[in-house]
2 protein chains.
Amino acid sequence: MKLSTAEENYLKAIFKISEKAKKSASTNAIAKQLSTSAASVTDMLKRLAEKELINYEKYKGVTLKVAGIKQATQLIRKHRLWEVFLVKKLRFSWDQVHEIAEQLEHIESEELIMRLDAFLDYPKFDPHGDPIPNADGKFTIRSQTPLSDMHKGQEGMLVGVKDHTTEFLKYLNSLNVKLGTMITVIDSVPYDGSMSVNLDNKNVIMITATVAQNLLIRKV
Amino acid sequence: MKLSTAEENYLKAIFKISEKAKKSASTNAIAKQLSTSAASVTDMLKRLAEKELINYEKYKGVTLKVAGIKQATQLIRKHRLWEVFLVKKLRFSWDQVHEIAEQLEHIESEELIMRLDAFLDYPKFDPHGDPIPNADGKFTIRSQTPLSDMHKGQEGMLVGVKDHTTEFLKYLNSLNVKLGTMITVIDSVPYDGSMSVNLDNKNVIMITATVAQNLLIRKV
DNA sequence: AATAATTTTTAGATTAATCTAAAAATATAT
DNA sequence: ATATATTTTTAGATTAATCTAAAAATTATT
């Protein structure tokens with residue numbers, strides 16, 4: 001089924017909200033995610049329900065039906081593959097690619113995505129460390145822990161970031177923190193959750209709890 | 001100025017029609033080019049005139065203003081760069097890229113196009129031999145003749161095709177005719193304009209006038 | 001130049017996606 | 001459990017882009 005850009009964006013928003021909250025998505029949550037009004041969301045939910053893409057009962061929130069999940073994961077696949085292209089081939093920085101990929105993900109061509117995937121050597125993760133679903137919608141799973149959950153002396157590699165905003169990523173750039181950076185917890189302050197960490201066994205920096213929560217580590 | 005996809009498509013259509021006919025574009029010609037109704041065209045022309053992108057007087061046809069030409073050439077630039085990407089990097093055949101490039105050309109990001117251009121090594125021509133305008137909108141000019149205008153004994157290299165339809169390009173594939181193929185006129189029949197031509201000094205084939213008109217040759 | 005044919009525009013609708021404001025339903029708090 | 005707050009839906013408009021059918025203007029033909 002061919003969907004409009006708007007419809008695709010709603011499906012993706014519902015997918016992301018349900019994934020994070022692990023329950024049905026509310027009208028307001030969707031409105032917030034898409035920066036639109038609750039009334040617009042209600043309108044669109046009716047149309048998506050009509051097309052059998054979502055389960056929707058008035059006042060009860062929505063979940064995706066199988067067809068909706070398929071569409072959403074394909075969209076995420078496209079988005080993340082394009083991000084890899086932008087960073088690996090066009091040498092964009094990881095903080096510049098989101099908006100462009102938001103546009104590219106709506107290009108419709110199966111063949112294009114198959115070839116792009118091959119051209120990029122079938123990447124499993126995007127430039128922010130998020131898993132790229134394969135053509136069947138399967139995500140690669142990887143054990144990872146927020147840095148904020150690690151204890152003094154523990155060590156690991158940065159494999160992902162939770163916050164994708166330009167500001168956060170630029171801050172990481174300024175600290176010279178990137179995917180692959182080795183991080184060791186030197187000290188953590190129970191009072192405010194801030195931490196001292198060693199980067200690549202070279203320099204020690206201090207980060208706040210908020211930052212630590214947004215860094216995903218694969219322990220060694 | 002940020003334009004909608006529809007507006008961009010109208011500007012491109014007007015550009016192409018005026019370029020070919022070397023005069024103002026009529027409502028019907030635009031409608032035909034875009035497979036839409038004349039009424040829709042009139043509506044859109046009013047809006048484009050309002051935005052100062054075209055010169056439009058009722059019943060008189062339209063021409064592009066400077067701002068409209070700029071938009072149209074940038075669109076053509078994007079389309080042709082994406083076609084190069086699809087053929088050179090993703091290994092699509094030249095008969096498969098048009099529709100995908102029609103979508104990609106509407107992606108909005110100056111930075112993306114600058115980087116894509118560099119990634120592709122600043123190509124001057126697309127996979128069909130059409131010139132790619134540079135960032136300033138300048139086209140590279142090249143002397144070329146339709147094969148149909150050449151005479152017995154004349155020789156040259158195929159540098160472009162006028163017809164971009166899948167059917168025509170697939171027919172050329174079947175003849176093993178591609179950009180770069182050397183073509184010598186063995187014989188031409190005045191009665192119907194058909195020709196016998198030698199390809200790469202290997203084999204001789206017969207083509208109709210229609211085909212010959214759509215093959216652009218740079219004479220040696 | 002008058003008439004016929006063609007082209008273009010207008011009038012009036014339609015659809016998708018959005019909005020604000022008001023009403024209705026649900027959830028929360030005393 | 002009743003009142004209050006919050007969330008969600010409905011009602012009614014708006015905008016961009018499209019359509020068909022009819023009217024108006026232009027162009028072509030005898």
# chains A, B, ... in the order shown; residues from 1 in each chain; ligands from 1
>>> closest_atom_pairs(of="chain C", to="chain B", cutoff="10 Å", atoms="only C-alpha atoms (C1' of nucleotides)", output="tab-separated table")
residue	atom	partner	partner_atom	distance
C:DT7	C1'	B:Asn28	CA	7.5
C:DT8	C1'	B:Tyr59	CA	5.9
C:DT9	C1'	B:Thr42	CA	7.2
C:DT10	C1'	B:Ala39	CA	8.9
>>> interface_residues(of="chain A", to="chain B", cutoff="9 Å", atoms="only C-alpha atoms", output="PyMOL selection string")
chain A and resi 86+89-92+100+103-104+107-109+112+115-116+118-119
>>> write_last_selection(atoms="C-alpha atoms", output="compact mmCIF listing (two decimals), in the first residue's frame")
# COMPACT_ATOMS: atom_id res chain seq x y z
CA LEU A 86 25.28 10.60 4.48
CA LYS A 89 29.89 8.37 1.86
CA LEU A 90 29.14 12.08 1.90
CA ARG A 91 31.16 12.71 5.08
CA PHE A 92 28.45 14.55 6.95
CA ILE A 100 17.97 15.20 5.53
CA GLN A 103 13.17 13.65 3.79
CA LEU A 104 15.02 10.79 2.12
CA ILE A 107 11.50 8.13 -1.30
CA GLU A 108 9.62 5.16 -2.62
CA SER A 109 11.62 2.43 -4.36
CA LEU A 112 16.75 1.70 -4.42
CA ARG A 115 20.97 -1.38 -3.78
CA LEU A 116 21.76 1.28 -1.20
CA ALA A 118 24.46 -3.39 -0.71
CA PHE A 119 26.42 -0.24 -1.59
>>> atom_distance(atom1="atom CA of Gly180 of chain A", atom2="atom CA of Gly156 of chain A")
9.3 Å
>>> interface_residues(of="chain D", to="chain B", cutoff="9 Å", atoms="only C-alpha atoms (C1' of nucleotides)", output="list in words")
DA17, DT18, DC19, DA25 and DT26 of chain D
>>> write_last_selection(atoms="all heavy atoms", output="compact mmCIF listing (two decimals), in the first residue's frame")
# COMPACT_ATOMS: atom_id res chain seq x y z
P DA D 17 0.43 23.51 -3.92
OP1 DA D 17 1.76 22.89 -3.86
OP2 DA D 17 0.23 24.84 -4.51
O5' DA D 17 -0.55 22.49 -4.65
C5' DA D 17 -0.57 21.13 -4.21
C4' DA D 17 -1.72 20.43 -4.88
O4' DA D 17 -2.96 20.95 -4.38
C3' DA D 17 -1.77 20.62 -6.40
O3' DA D 17 -1.60 19.35 -7.02
C2' DA D 17 -3.17 21.19 -6.66
C1' DA D 17 -3.91 20.80 -5.39
N9 DA D 17 -5.05 21.67 -5.09
C8 DA D 17 -5.09 23.04 -5.08
N7 DA D 17 -6.28 23.54 -4.81
C5 DA D 17 -7.06 22.41 -4.62
C6 DA D 17 -8.42 22.25 -4.29
N6 DA D 17 -9.27 23.27 -4.12
N1 DA D 17 -8.89 20.98 -4.17
C2 DA D 17 -8.05 19.96 -4.36
N3 DA D 17 -6.75 19.98 -4.66
C4 DA D 17 -6.32 21.25 -4.78
P DT D 18 -1.38 19.18 -8.53
OP1 DT D 18 -0.55 17.97 -8.67
OP2 DT D 18 -0.95 20.47 -9.12
O5' DT D 18 -2.85 18.91 -9.10
C5' DT D 18 -3.38 17.61 -9.04
C4' DT D 18 -4.87 17.63 -8.84
O4' DT D 18 -5.34 18.72 -7.99
C3' DT D 18 -5.73 17.87 -10.07
O3' DT D 18 -5.65 16.82 -10.98
C2' DT D 18 -7.09 17.95 -9.39
C1' DT D 18 -6.75 18.66 -8.06
N1 DT D 18 -7.30 20.03 -7.98
C2 DT D 18 -8.63 20.16 -7.68
O2 DT D 18 -9.38 19.21 -7.50
N3 DT D 18 -9.09 21.46 -7.60
C4 DT D 18 -8.34 22.61 -7.77
O4 DT D 18 -8.87 23.72 -7.67
C5 DT D 18 -6.95 22.41 -8.10
C7 DT D 18 -6.05 23.60 -8.32
C6 DT D 18 -6.50 21.15 -8.18
P DC D 19 -6.10 16.97 -12.46
OP1 DC D 19 -5.46 15.87 -13.20
OP2 DC D 19 -5.86 18.37 -12.86
O5' DC D 19 -7.69 16.74 -12.42
C5' DC D 19 -8.23 15.62 -11.72
C4' DC D 19 -9.73 15.80 -11.56
O4' DC D 19 -9.97 16.88 -10.63
C3' DC D 19 -10.43 16.23 -12.85
O3' DC D 19 -10.91 15.10 -13.52
C2' DC D 19 -11.58 17.09 -12.36
C1' DC D 19 -11.12 17.60 -11.01
N1 DC D 19 -10.79 19.06 -10.98
C2 DC D 19 -11.80 19.97 -10.62
O2 DC D 19 -12.94 19.53 -10.37
N3 DC D 19 -11.51 21.30 -10.57
C4 DC D 19 -10.27 21.72 -10.85
N4 DC D 19 -10.05 23.04 -10.77
C5 DC D 19 -9.23 20.81 -11.22
C6 DC D 19 -9.53 19.51 -11.28
P DA D 25 -14.36 37.24 -22.71
OP1 DA D 25 -13.87 38.28 -21.78
OP2 DA D 25 -15.45 37.51 -23.68
O5' DA D 25 -13.11 36.68 -23.54
C5' DA D 25 -11.98 36.21 -22.83
C4' DA D 25 -11.04 35.55 -23.81
O4' DA D 25 -11.64 34.35 -24.31
C3' DA D 25 -10.71 36.41 -25.02
O3' DA D 25 -9.32 36.68 -24.96
C2' DA D 25 -11.15 35.59 -26.23
C1' DA D 25 -11.26 34.18 -25.65
N9 DA D 25 -12.30 33.32 -26.22
C8 DA D 25 -13.65 33.55 -26.25
N7 DA D 25 -14.36 32.58 -26.79
C5 DA D 25 -13.41 31.63 -27.14
C6 DA D 25 -13.51 30.37 -27.76
N6 DA D 25 -14.68 29.82 -28.13
N1 DA D 25 -12.36 29.69 -27.97
C2 DA D 25 -11.22 30.24 -27.57
N3 DA D 25 -10.99 31.41 -26.99
C4 DA D 25 -12.14 32.07 -26.80
P DT D 26 -8.53 37.41 -26.13
OP1 DT D 26 -7.31 37.96 -25.52
OP2 DT D 26 -9.47 38.28 -26.88
O5' DT D 26 -8.11 36.20 -27.07
C5' DT D 26 -7.29 35.15 -26.52
C4' DT D 26 -7.03 34.11 -27.58
O4' DT D 26 -8.26 33.44 -27.94
C3' DT D 26 -6.44 34.65 -28.87
O3' DT D 26 -5.24 33.94 -29.08
C2' DT D 26 -7.52 34.40 -29.92
C1' DT D 26 -8.25 33.20 -29.33
N1 DT D 26 -9.68 32.99 -29.71
C2 DT D 26 -10.06 31.79 -30.24
O2 DT D 26 -9.30 30.87 -30.46
N3 DT D 26 -11.41 31.68 -30.53
C4 DT D 26 -12.39 32.65 -30.33
O4 DT D 26 -13.56 32.43 -30.61
C5 DT D 26 -11.91 33.89 -29.77
C7 DT D 26 -12.88 35.00 -29.51
C6 DT D 26 -10.59 34.01 -29.49
>>> atom_distance(atom1="atom CA of Trp94 of chain A", atom2="atom CA of Pro123 of chain A")
15.5 Å
>>> decode(residues="chain D", atoms="N, CA, C and O atoms (P, O5', C5', C4', C3', O3' and C1' of nucleotides)", output="PDB file, in the first residue's frame")
ATOM      1  P    DA D   1     -18.545   6.041  46.093  1.00  0.00           P
ATOM      2  O5'  DA D   1     -18.757   7.389  46.980  1.00  0.00           O
ATOM      3  C5'  DA D   1     -19.986   8.069  47.147  1.00  0.00           C
ATOM      4  C4'  DA D   1     -19.845   9.430  46.516  1.00  0.00           C
ATOM      5  C3'  DA D   1     -20.257   9.479  45.045  1.00  0.00           C
ATOM      6  O3'  DA D   1     -20.648  10.818  44.706  1.00  0.00           O
ATOM      7  C1'  DA D   1     -18.008  10.009  45.196  1.00  0.00           C
ATOM      8  P    DT D   2     -22.037  11.450  44.945  1.00  0.00           P
ATOM      9  O5'  DT D   2     -21.612  12.958  44.581  1.00  0.00           O
ATOM     10  C5'  DT D   2     -21.056  13.769  45.604  1.00  0.00           C
ATOM     11  C4'  DT D   2     -19.916  14.616  45.058  1.00  0.00           C
ATOM     12  C3'  DT D   2     -20.242  15.378  43.774  1.00  0.00           C
ATOM     13  O3'  DT D   2     -20.029  16.753  44.052  1.00  0.00           O
ATOM     14  C1'  DT D   2     -18.092  14.416  43.657  1.00  0.00           C
ATOM     15  P    DA D   3     -20.508  17.920  43.056  1.00  0.00           P
ATOM     16  O5'  DA D   3     -19.111  18.650  42.849  1.00  0.00           O
ATOM     17  C5'  DA D   3     -18.322  18.993  43.990  1.00  0.00           C
ATOM     18  C4'  DA D   3     -16.905  19.286  43.529  1.00  0.00           C
ATOM     19  C3'  DA D   3     -16.828  20.254  42.349  1.00  0.00           C
ATOM     20  O3'  DA D   3     -15.778  21.173  42.624  1.00  0.00           O
ATOM     21  C1'  DA D   3     -15.704  18.254  41.809  1.00  0.00           C
ATOM     22  P    DT D   4     -15.401  22.373  41.645  1.00  0.00           P
ATOM     23  O5'  DT D   4     -14.047  21.791  41.024  1.00  0.00           O
ATOM     24  C5'  DT D   4     -12.961  21.438  41.886  1.00  0.00           C
ATOM     25  C4'  DT D   4     -11.815  20.940  41.034  1.00  0.00           C
ATOM     26  C3'  DT D   4     -11.499  21.832  39.835  1.00  0.00           C
ATOM     27  O3'  DT D   4     -10.114  22.130  39.882  1.00  0.00           O
ATOM     28  C1'  DT D   4     -11.741  19.576  39.149  1.00  0.00           C
ATOM     29  P    DA D   5      -9.393  22.977  38.755  1.00  0.00           P
ATOM     30  O5'  DA D   5      -8.649  21.829  37.941  1.00  0.00           O
ATOM     31  C5'  DA D   5      -7.859  20.857  38.634  1.00  0.00           C
ATOM     32  C4'  DA D   5      -7.288  19.882  37.631  1.00  0.00           C
ATOM     33  C3'  DA D   5      -6.717  20.551  36.379  1.00  0.00           C
ATOM     34  O3'  DA D   5      -5.442  19.971  36.159  1.00  0.00           O
ATOM     35  C1'  DA D   5      -8.336  18.938  35.750  1.00  0.00           C
ATOM     36  P    DT D   6      -4.545  20.350  34.928  1.00  0.00           P
ATOM     37  O5'  DT D   6      -4.861  19.158  33.925  1.00  0.00           O
ATOM     38  C5'  DT D   6      -4.637  17.806  34.355  1.00  0.00           C
ATOM     39  C4'  DT D   6      -5.067  16.883  33.244  1.00  0.00           C
ATOM     40  C3'  DT D   6      -4.484  17.245  31.874  1.00  0.00           C
ATOM     41  O3'  DT D   6      -3.745  16.118  31.465  1.00  0.00           O
ATOM     42  C1'  DT D   6      -6.814  16.799  31.724  1.00  0.00           C
ATOM     43  P    DT D   7      -3.024  16.035  30.036  1.00  0.00           P
ATOM     44  O5'  DT D   7      -4.073  15.214  29.165  1.00  0.00           O
ATOM     45  C5'  DT D   7      -4.584  13.991  29.671  1.00  0.00           C
ATOM     46  C4'  DT D   7      -5.628  13.469  28.711  1.00  0.00           C
ATOM     47  C3'  DT D   7      -5.184  13.494  27.251  1.00  0.00           C
ATOM     48  O3'  DT D   7      -5.354  12.172  26.778  1.00  0.00           O
ATOM     49  C1'  DT D   7      -7.331  14.495  27.497  1.00  0.00           C
ATOM     50  P    DT D   8      -5.010  11.705  25.310  1.00  0.00           P
ATOM     51  O5'  DT D   8      -6.403  11.915  24.569  1.00  0.00           O
ATOM     52  C5'  DT D   8      -7.524  11.132  24.970  1.00  0.00           C
ATOM     53  C4'  DT D   8      -8.733  11.572  24.183  1.00  0.00           C
ATOM     54  C3'  DT D   8      -8.514  11.612  22.674  1.00  0.00           C
ATOM     55  O3'  DT D   8      -9.344  10.605  22.122  1.00  0.00           O
ATOM     56  C1'  DT D   8      -9.699  13.526  23.458  1.00  0.00           C
ATOM     57  P    DT D   9      -9.489  10.353  20.577  1.00  0.00           P
ATOM     58  O5'  DT D   9     -10.795  11.218  20.237  1.00  0.00           O
ATOM     59  C5'  DT D   9     -12.009  10.931  20.919  1.00  0.00           C
ATOM     60  C4'  DT D   9     -13.058  11.973  20.564  1.00  0.00           C
ATOM     61  C3'  DT D   9     -13.333  12.109  19.069  1.00  0.00           C
ATOM     62  O3'  DT D   9     -14.709  11.830  18.857  1.00  0.00           O
ATOM     63  C1'  DT D   9     -13.053  14.234  20.086  1.00  0.00           C
ATOM     64  P    DT D  10     -15.324  11.826  17.403  1.00  0.00           P
ATOM     65  O5'  DT D  10     -15.957  13.290  17.303  1.00  0.00           O
ATOM     66  C5'  DT D  10     -17.062  13.623  18.149  1.00  0.00           C
ATOM     67  C4'  DT D  10     -17.425  15.074  17.930  1.00  0.00           C
ATOM     68  C3'  DT D  10     -17.848  15.426  16.505  1.00  0.00           C
ATOM     69  O3'  DT D  10     -19.077  16.119  16.614  1.00  0.00           O
ATOM     70  C1'  DT D  10     -16.233  16.949  17.278  1.00  0.00           C
ATOM     71  P    DA D  11     -19.997  16.308  15.324  1.00  0.00           P
ATOM     72  O5'  DA D  11     -20.055  17.895  15.156  1.00  0.00           O
ATOM     73  C5'  DA D  11     -19.823  18.750  16.278  1.00  0.00           C
ATOM     74  C4'  DA D  11     -19.556  20.161  15.780  1.00  0.00           C
ATOM     75  C3'  DA D  11     -19.917  20.412  14.311  1.00  0.00           C
ATOM     76  O3'  DA D  11     -20.540  21.691  14.232  1.00  0.00           O
ATOM     77  C1'  DA D  11     -17.640  20.933  14.660  1.00  0.00           C
ATOM     78  P    DG D  12     -21.170  22.217  12.853  1.00  0.00           P
ATOM     79  O5'  DG D  12     -20.091  23.297  12.389  1.00  0.00           O
ATOM     80  C5'  DG D  12     -19.507  24.182  13.349  1.00  0.00           C
ATOM     81  C4'  DG D  12     -18.397  24.962  12.671  1.00  0.00           C
ATOM     82  C3'  DG D  12     -18.646  25.160  11.176  1.00  0.00           C
ATOM     83  O3'  DG D  12     -18.214  26.467  10.830  1.00  0.00           O
ATOM     84  C1'  DG D  12     -16.583  24.122  11.491  1.00  0.00           C
ATOM     85  P    DA D  13     -18.513  27.093   9.344  1.00  0.00           P
ATOM     86  O5'  DA D  13     -17.098  27.725   9.005  1.00  0.00           O
ATOM     87  C5'  DA D  13     -15.964  26.974   9.351  1.00  0.00           C
ATOM     88  C4'  DA D  13     -14.749  27.833   9.352  1.00  0.00           C
ATOM     89  C3'  DA D  13     -14.337  28.307   7.961  1.00  0.00           C
ATOM     90  O3'  DA D  13     -13.549  29.482   8.034  1.00  0.00           O
ATOM     91  C1'  DA D  13     -12.924  26.532   8.690  1.00  0.00           C
ATOM     92  P    DT D  14     -12.909  30.113   6.706  1.00  0.00           P
ATOM     93  O5'  DT D  14     -11.513  29.335   6.555  1.00  0.00           O
ATOM     94  C5'  DT D  14     -10.477  29.517   7.515  1.00  0.00           C
ATOM     95  C4'  DT D  14      -9.185  28.915   6.973  1.00  0.00           C
ATOM     96  C3'  DT D  14      -8.895  29.271   5.510  1.00  0.00           C
ATOM     97  O3'  DT D  14      -7.549  29.686   5.393  1.00  0.00           O
ATOM     98  C1'  DT D  14      -8.831  26.939   5.793  1.00  0.00           C
ATOM     99  P    DT D  15      -7.030  30.426   4.073  1.00  0.00           P
ATOM    100  O5'  DT D  15      -5.990  29.375   3.455  1.00  0.00           O
ATOM    101  C5'  DT D  15      -5.031  28.730   4.292  1.00  0.00           C
ATOM    102  C4'  DT D  15      -4.345  27.643   3.475  1.00  0.00           C
ATOM    103  C3'  DT D  15      -4.191  27.990   1.992  1.00  0.00           C
ATOM    104  O3'  DT D  15      -2.856  27.703   1.603  1.00  0.00           O
ATOM    105  C1'  DT D  15      -5.271  25.907   2.219  1.00  0.00           C
ATOM    106  P    DA D  16      -2.335  28.075   0.138  1.00  0.00           P
ATOM    107  O5'  DA D  16      -2.020  26.652  -0.497  1.00  0.00           O
ATOM    108  C5'  DA D  16      -1.235  25.710   0.220  1.00  0.00           C
ATOM    109  C4'  DA D  16      -1.255  24.410  -0.544  1.00  0.00           C
ATOM    110  C3'  DA D  16      -1.029  24.555  -2.046  1.00  0.00           C
ATOM    111  O3'  DA D  16      -0.136  23.528  -2.442  1.00  0.00           O
ATOM    112  C1'  DA D  16      -3.100  23.479  -1.661  1.00  0.00           C
ATOM    113  P    DA D  17       0.427  23.508  -3.917  1.00  0.00           P
ATOM    114  O5'  DA D  17      -0.548  22.490  -4.648  1.00  0.00           O
ATOM    115  C5'  DA D  17      -0.566  21.135  -4.210  1.00  0.00           C
ATOM    116  C4'  DA D  17      -1.720  20.430  -4.881  1.00  0.00           C
ATOM    117  C3'  DA D  17      -1.771  20.621  -6.404  1.00  0.00           C
ATOM    118  O3'  DA D  17      -1.604  19.354  -7.017  1.00  0.00           O
ATOM    119  C1'  DA D  17      -3.910  20.804  -5.389  1.00  0.00           C
ATOM    120  P    DT D  18      -1.378  19.183  -8.533  1.00  0.00           P
ATOM    121  O5'  DT D  18      -2.849  18.906  -9.097  1.00  0.00           O
ATOM    122  C5'  DT D  18      -3.381  17.609  -9.036  1.00  0.00           C
ATOM    123  C4'  DT D  18      -4.870  17.633  -8.842  1.00  0.00           C
ATOM    124  C3'  DT D  18      -5.732  17.871 -10.067  1.00  0.00           C
ATOM    125  O3'  DT D  18      -5.652  16.815 -10.975  1.00  0.00           O
ATOM    126  C1'  DT D  18      -6.747  18.661  -8.062  1.00  0.00           C
ATOM    127  P    DC D  19      -6.098  16.966 -12.457  1.00  0.00           P
ATOM    128  O5'  DC D  19      -7.688  16.738 -12.419  1.00  0.00           O
ATOM    129  C5'  DC D  19      -8.229  15.616 -11.723  1.00  0.00           C
ATOM    130  C4'  DC D  19      -9.730  15.801 -11.561  1.00  0.00           C
ATOM    131  C3'  DC D  19     -10.429  16.232 -12.849  1.00  0.00           C
ATOM    132  O3'  DC D  19     -10.907  15.097 -13.522  1.00  0.00           O
ATOM    133  C1'  DC D  19     -11.124  17.604 -11.007  1.00  0.00           C
ATOM    134  P    DT D  20     -11.453  15.250 -15.024  1.00  0.00           P
ATOM    135  O5'  DT D  20     -12.930  15.843 -14.873  1.00  0.00           O
ATOM    136  C5'  DT D  20     -13.920  15.191 -14.069  1.00  0.00           C
ATOM    137  C4'  DT D  20     -15.224  15.954 -14.189  1.00  0.00           C
ATOM    138  C3'  DT D  20     -15.693  16.155 -15.628  1.00  0.00           C
ATOM    139  O3'  DT D  20     -17.115  16.045 -15.659  1.00  0.00           O
ATOM    140  C1'  DT D  20     -15.363  18.258 -14.608  1.00  0.00           C
ATOM    141  P    DA D  21     -17.904  15.985 -17.046  1.00  0.00           P
ATOM    142  O5'  DA D  21     -18.634  17.409 -17.088  1.00  0.00           O
ATOM    143  C5'  DA D  21     -19.156  17.968 -15.875  1.00  0.00           C
ATOM    144  C4'  DA D  21     -19.670  19.355 -16.164  1.00  0.00           C
ATOM    145  C3'  DA D  21     -20.131  19.594 -17.601  1.00  0.00           C
ATOM    146  O3'  DA D  21     -21.243  20.488 -17.545  1.00  0.00           O
ATOM    147  C1'  DA D  21     -18.376  21.072 -17.118  1.00  0.00           C
ATOM    148  P    DA D  22     -22.019  20.956 -18.865  1.00  0.00           P
ATOM    149  O5'  DA D  22     -21.716  22.521 -18.855  1.00  0.00           O
ATOM    150  C5'  DA D  22     -21.946  23.252 -17.641  1.00  0.00           C
ATOM    151  C4'  DA D  22     -21.426  24.657 -17.820  1.00  0.00           C
ATOM    152  C3'  DA D  22     -21.861  25.330 -19.128  1.00  0.00           C
ATOM    153  O3'  DA D  22     -22.207  26.672 -18.829  1.00  0.00           O
ATOM    154  C1'  DA D  22     -19.510  25.344 -18.974  1.00  0.00           C
ATOM    155  P    DA D  23     -22.730  27.678 -20.000  1.00  0.00           P
ATOM    156  O5'  DA D  23     -21.591  28.791 -20.010  1.00  0.00           O
ATOM    157  C5'  DA D  23     -21.198  29.381 -18.765  1.00  0.00           C
ATOM    158  C4'  DA D  23     -20.001  30.268 -19.027  1.00  0.00           C
ATOM    159  C3'  DA D  23     -20.188  31.251 -20.182  1.00  0.00           C
ATOM    160  O3'  DA D  23     -19.718  32.507 -19.731  1.00  0.00           O
ATOM    161  C1'  DA D  23     -18.254  29.940 -20.547  1.00  0.00           C
ATOM    162  P    DA D  24     -19.791  33.828 -20.677  1.00  0.00           P
ATOM    163  O5'  DA D  24     -18.275  33.973 -21.162  1.00  0.00           O
ATOM    164  C5'  DA D  24     -17.255  34.147 -20.185  1.00  0.00           C
ATOM    165  C4'  DA D  24     -15.929  34.173 -20.893  1.00  0.00           C
ATOM    166  C3'  DA D  24     -15.860  35.177 -22.042  1.00  0.00           C
ATOM    167  O3'  DA D  24     -14.732  35.990 -21.803  1.00  0.00           O
ATOM    168  C1'  DA D  24     -15.108  33.049 -22.746  1.00  0.00           C
ATOM    169  P    DA D  25     -14.357  37.236 -22.714  1.00  0.00           P
ATOM    170  O5'  DA D  25     -13.113  36.685 -23.542  1.00  0.00           O
ATOM    171  C5'  DA D  25     -11.975  36.211 -22.830  1.00  0.00           C
ATOM    172  C4'  DA D  25     -11.042  35.554 -23.809  1.00  0.00           C
ATOM    173  C3'  DA D  25     -10.708  36.414 -25.023  1.00  0.00           C
ATOM    174  O3'  DA D  25      -9.317  36.679 -24.961  1.00  0.00           O
ATOM    175  C1'  DA D  25     -11.264  34.177 -25.654  1.00  0.00           C
ATOM    176  P    DT D  26      -8.529  37.409 -26.128  1.00  0.00           P
ATOM    177  O5'  DT D  26      -8.106  36.200 -27.069  1.00  0.00           O
ATOM    178  C5'  DT D  26      -7.289  35.151 -26.516  1.00  0.00           C
ATOM    179  C4'  DT D  26      -7.031  34.111 -27.575  1.00  0.00           C
ATOM    180  C3'  DT D  26      -6.440  34.652 -28.875  1.00  0.00           C
ATOM    181  O3'  DT D  26      -5.243  33.939 -29.081  1.00  0.00           O
ATOM    182  C1'  DT D  26      -8.249  33.196 -29.325  1.00  0.00           C
ATOM    183  P    DT D  27      -4.312  34.170 -30.339  1.00  0.00           P
ATOM    184  O5'  DT D  27      -4.813  33.041 -31.352  1.00  0.00           O
ATOM    185  C5'  DT D  27      -4.751  31.667 -30.946  1.00  0.00           C
ATOM    186  C4'  DT D  27      -5.186  30.788 -32.098  1.00  0.00           C
ATOM    187  C3'  DT D  27      -4.582  31.160 -33.449  1.00  0.00           C
ATOM    188  O3'  DT D  27      -4.070  29.958 -33.990  1.00  0.00           O
ATOM    189  C1'  DT D  27      -6.944  30.996 -33.625  1.00  0.00           C
ATOM    190  P    DA D  28      -3.575  29.737 -35.453  1.00  0.00           P
ATOM    191  O5'  DA D  28      -4.871  29.153 -36.185  1.00  0.00           O
ATOM    192  C5'  DA D  28      -5.406  27.909 -35.757  1.00  0.00           C
ATOM    193  C4'  DA D  28      -6.428  27.421 -36.768  1.00  0.00           C
ATOM    194  C3'  DA D  28      -5.972  27.455 -38.226  1.00  0.00           C
ATOM    195  O3'  DA D  28      -6.416  26.222 -38.802  1.00  0.00           O
ATOM    196  C1'  DA D  28      -7.937  28.780 -37.954  1.00  0.00           C
ATOM    197  P    DT D  29      -6.511  25.991 -40.327  1.00  0.00           P
ATOM    198  O5'  DT D  29      -8.000  26.456 -40.663  1.00  0.00           O
ATOM    199  C5'  DT D  29      -9.117  25.691 -40.181  1.00  0.00           C
ATOM    200  C4'  DT D  29     -10.322  25.946 -41.072  1.00  0.00           C
ATOM    201  C3'  DT D  29     -10.029  25.884 -42.573  1.00  0.00           C
ATOM    202  O3'  DT D  29     -11.165  25.314 -43.219  1.00  0.00           O
ATOM    203  C1'  DT D  29     -10.858  28.023 -42.038  1.00  0.00           C
ATOM    204  P    DT D  30     -11.039  24.584 -44.610  1.00  0.00           P
ATOM    205  O5'  DT D  30     -11.985  25.447 -45.538  1.00  0.00           O
ATOM    206  C5'  DT D  30     -13.396  25.268 -45.472  1.00  0.00           C
ATOM    207  C4'  DT D  30     -14.111  26.601 -45.569  1.00  0.00           C
ATOM    208  C3'  DT D  30     -14.342  27.071 -47.006  1.00  0.00           C
ATOM    209  O3'  DT D  30     -15.747  27.087 -47.261  1.00  0.00           O
ATOM    210  C1'  DT D  30     -13.661  28.848 -45.593  1.00  0.00           C
TER     211       DT D  30
END
